[in-house]
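Colleague: Here's a structure for you.
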Amino acid sequence: MDKAKVVAEELKSTKVEERKKFIIKGVVDPRTNDHVAFKYAVSEGIINHRKGLYVNPSTNESLPIQRAMLEGKILVEYISVCRSLPETTAVPLITIKRRVDHKYIIVGALDPVTAEKLNLQEAIRRNIIDIQTGEYINESKGGIRINEEDAVEDGWIMAQFDETAPQFEIESFSVVGVLDHKFGMFVSFMQAVRRGLVDGESGDYISNLTGKKVYAVDAIRRGLIKAVKCSKEIKED
C-alpha cells in the first residue's frame, strides 16, 4: 500500500551576489589636459579626498568626484566582483513508501467483524478472501474490497514471508504547485494547505469543488499536485 507523509526539509543552495566596483586608472590634469597618475593628482590637489572633489588648482573650480567621473575627467575601469552566499530554504516534500515485491504465502486472515484469526480455508469459506481475485472483503465496511498486497500490508491478510527482510521503495517529491480547482490555477504548497486543498499531514489532495480526497500518490500521477522527484531508494524495514 502506498503510504505518504509530508515533511519540510531544508535544501541548501548557493546564491551568487554580484557587485561592481571601479579602479581609477588616471586623472586629467585640468591645467594641461594631460593624463596623470592618481597619486600625482592627489599630491597636486586635483583630487580632494576629504571633500570628495575634483579641483582645478589654477582656478579653484571644483566638481564632485562622481560628476568628474561621468565627464571623463577621472578615468575609471569598472570590474565585477562576485561572491557566493549559502542559502537555506525549507521545501515541502511528499515522501511515498511502498513495499516492493516480496515472496510470501497466505496462511489466514482476520475476520473483519469479530477480529478472529482464521486459517486460509476458513477465511475462504466465510467469503472473507475471494479465491478468484485474492481480494480481502471487509463486511464491516459494507463489503469493501481490498487488494491482496494492501490487505497483507495492513494486516488483514496474514502471510508468512520468506526469511529475507522485507524491502521498501521510498520516493521523495518536491512540491512545486497544487491545483486550485475553483480558480483553475496552481498555488504554492503553503497556500494550498491554508486553502484546505492539501492535508498537511498525509499530503492527500482535497478538491475545493467536490470535497473529494485523492491520495497523494494518485494526485501526483494525475497532475493535481505538481511535484519533481528528488530521490528514490530501496531500504530494508
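Naming scheme: A, B, ... for chains in displayed order of the C-alpha cells; residues 1 onward per chain; ligands 1 onward as shown.
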Tell me, as a list in words, which residues lie within 9 Å of A:Lys229, counting only C-alpha atoms; anything in the same chain fewer than 6 positions away does not count.
Modeller: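 Surrounding residues, per the criterion: Glu171, Ser172, Phe173, Ser174 and Val175 of chain A.
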Colleague: Those same residues, written as an mmCIF file, in the first residue's frame with all heavy atoms?
Modeller:
data_model
loop_
_atom_site.group_PDB
_atom_site.id
_atom_site.type_symbol
_atom_site.label_atom_id
_atom_site.label_comp_id
_atom_site.auth_asym_id
_atom_site.auth_seq_id
_atom_site.Cartn_x
_atom_site.Cartn_y
_atom_site.Cartn_z
ATOM 1 N N GLU A 171 10.229 7.028 -2.263
ATOM 2 C CA GLU A 171 10.394 8.107 -3.233
ATOM 3 C C GLU A 171 10.041 9.435 -2.575
ATOM 4 O O GLU A 171 9.060 9.526 -1.841
ATOM 5 C CB GLU A 171 9.490 7.895 -4.448
ATOM 6 C CG GLU A 171 9.885 6.728 -5.330
ATOM 7 C CD GLU A 171 8.973 6.603 -6.540
ATOM 8 O OE1 GLU A 171 7.801 6.245 -6.341
ATOM 9 O OE2 GLU A 171 9.426 6.870 -7.658
ATOM 10 N N SER A 172 10.845 10.446 -2.845
ATOM 11 C CA SER A 172 10.572 11.784 -2.325
ATOM 12 C C SER A 172 10.323 12.741 -3.483
ATOM 13 O O SER A 172 11.037 12.712 -4.487
ATOM 14 C CB SER A 172 11.747 12.290 -1.478
ATOM 15 O OG SER A 172 11.854 11.541 -0.281
ATOM 16 N N PHE A 173 9.286 13.572 -3.333
ATOM 17 C CA PHE A 173 8.914 14.537 -4.361
ATOM 18 C C PHE A 173 8.909 15.940 -3.756
ATOM 19 O O PHE A 173 8.346 16.155 -2.682
ATOM 20 C CB PHE A 173 7.518 14.237 -4.915
ATOM 21 C CG PHE A 173 7.402 12.923 -5.632
ATOM 22 C CD1 PHE A 173 7.180 11.751 -4.926
ATOM 23 C CD2 PHE A 173 7.513 12.858 -7.008
ATOM 24 C CE1 PHE A 173 7.064 10.533 -5.574
ATOM 25 C CE2 PHE A 173 7.397 11.647 -7.672
ATOM 26 C CZ PHE A 173 7.176 10.479 -6.955
ATOM 27 N N SER A 174 9.522 16.881 -4.453
ATOM 28 C CA SER A 174 9.473 18.286 -4.050
ATOM 29 C C SER A 174 8.244 18.921 -4.692
ATOM 30 O O SER A 174 8.086 18.899 -5.910
ATOM 31 C CB SER A 174 10.742 19.009 -4.513
ATOM 32 O OG SER A 174 10.631 20.398 -4.289
ATOM 33 N N VAL A 175 7.359 19.465 -3.859
ATOM 34 C CA VAL A 175 6.096 20.022 -4.357
ATOM 35 C C VAL A 175 6.329 21.429 -4.905
ATOM 36 O O VAL A 175 6.846 22.300 -4.207
ATOM 37 C CB VAL A 175 5.037 20.064 -3.238
ATOM 38 C CG1 VAL A 175 3.730 20.653 -3.763
ATOM 39 C CG2 VAL A 175 4.800 18.665 -2.683
#
Colleague: Could you pull the residues within 10 Å of A:Ile225, counting only C-alpha atoms, minus those fewer than 2 positions along the same chain, as a list in words?
Modeller: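 Answer for this query is Val175, Val176, Gly177, Val178, Leu179, Asp180, Phe186, Val187, Ser188, Phe189, Ala192, Leu197, Val198, Gly203, Asp204, Tyr205, Ala216, Val217, Asp218, Ala219, Ile220, Arg221, Arg222, Gly223, Ala227 and Val228 of chain A.
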Colleague: Would you save the residues from that selection as an mmCIF file, in the first residue's frame, using C-alpha atoms?
Modeller:
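Output saved as part.cif:
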data_model
loop_
_atom_site.group_PDB
_atom_site.id
_atom_site.type_symbol
_atom_site.label_atom_id
_atom_site.label_comp_id
_atom_site.auth_asym_id
_atom_site.auth_seq_id
_atom_site.Cartn_x
_atom_site.Cartn_y
_atom_site.Cartn_z
ATOM 1 C CA VAL A 175 6.096 20.022 -4.357
ATOM 2 C CA VAL A 176 6.105 22.966 -6.780
ATOM 3 C CA GLY A 177 2.372 23.620 -7.094
ATOM 4 C CA VAL A 178 -1.127 22.424 -6.209
ATOM 5 C CA LEU A 179 -4.222 22.829 -8.411
ATOM 6 C CA ASP A 180 -6.963 25.088 -7.059
ATOM 7 C CA PHE A 186 -1.823 26.312 -9.368
ATOM 8 C CA VAL A 187 -0.826 27.705 -5.976
ATOM 9 C CA SER A 188 2.125 27.090 -3.681
ATOM 10 C CA PHE A 189 2.057 24.211 -1.217
ATOM 11 C CA ALA A 192 -2.809 25.000 -0.710
ATOM 12 C CA LEU A 197 -6.518 21.809 -0.769
ATOM 13 C CA VAL A 198 -3.899 19.562 0.833
ATOM 14 C CA GLY A 203 -0.215 15.045 1.664
ATOM 15 C CA ASP A 204 -3.628 13.955 0.315
ATOM 16 C CA TYR A 205 -5.263 16.314 -2.196
ATOM 17 C CA ALA A 216 -1.074 11.960 -2.582
ATOM 18 C CA VAL A 217 0.492 9.420 -4.935
ATOM 19 C CA ASP A 218 -2.592 9.438 -7.196
ATOM 20 C CA ALA A 219 -2.778 13.244 -7.080
ATOM 21 C CA ILE A 220 0.827 13.441 -8.301
ATOM 22 C CA ARG A 221 0.158 10.912 -11.069
ATOM 23 C CA ARG A 222 -2.946 12.831 -12.200
ATOM 24 C CA GLY A 223 -1.212 16.213 -12.147
ATOM 25 C CA ALA A 227 5.977 17.663 -7.988
ATOM 26 C CA VAL A 228 9.540 16.890 -9.015
#
Colleague: So, with only C-alpha atoms as the atoms that count, which of A:Arg50, A:Asn138, A:Pro92, A:Ile146 lies closest to A:Gly200?
Modeller: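 Of all the options, A:Pro92 lies closest to A:Gly200.
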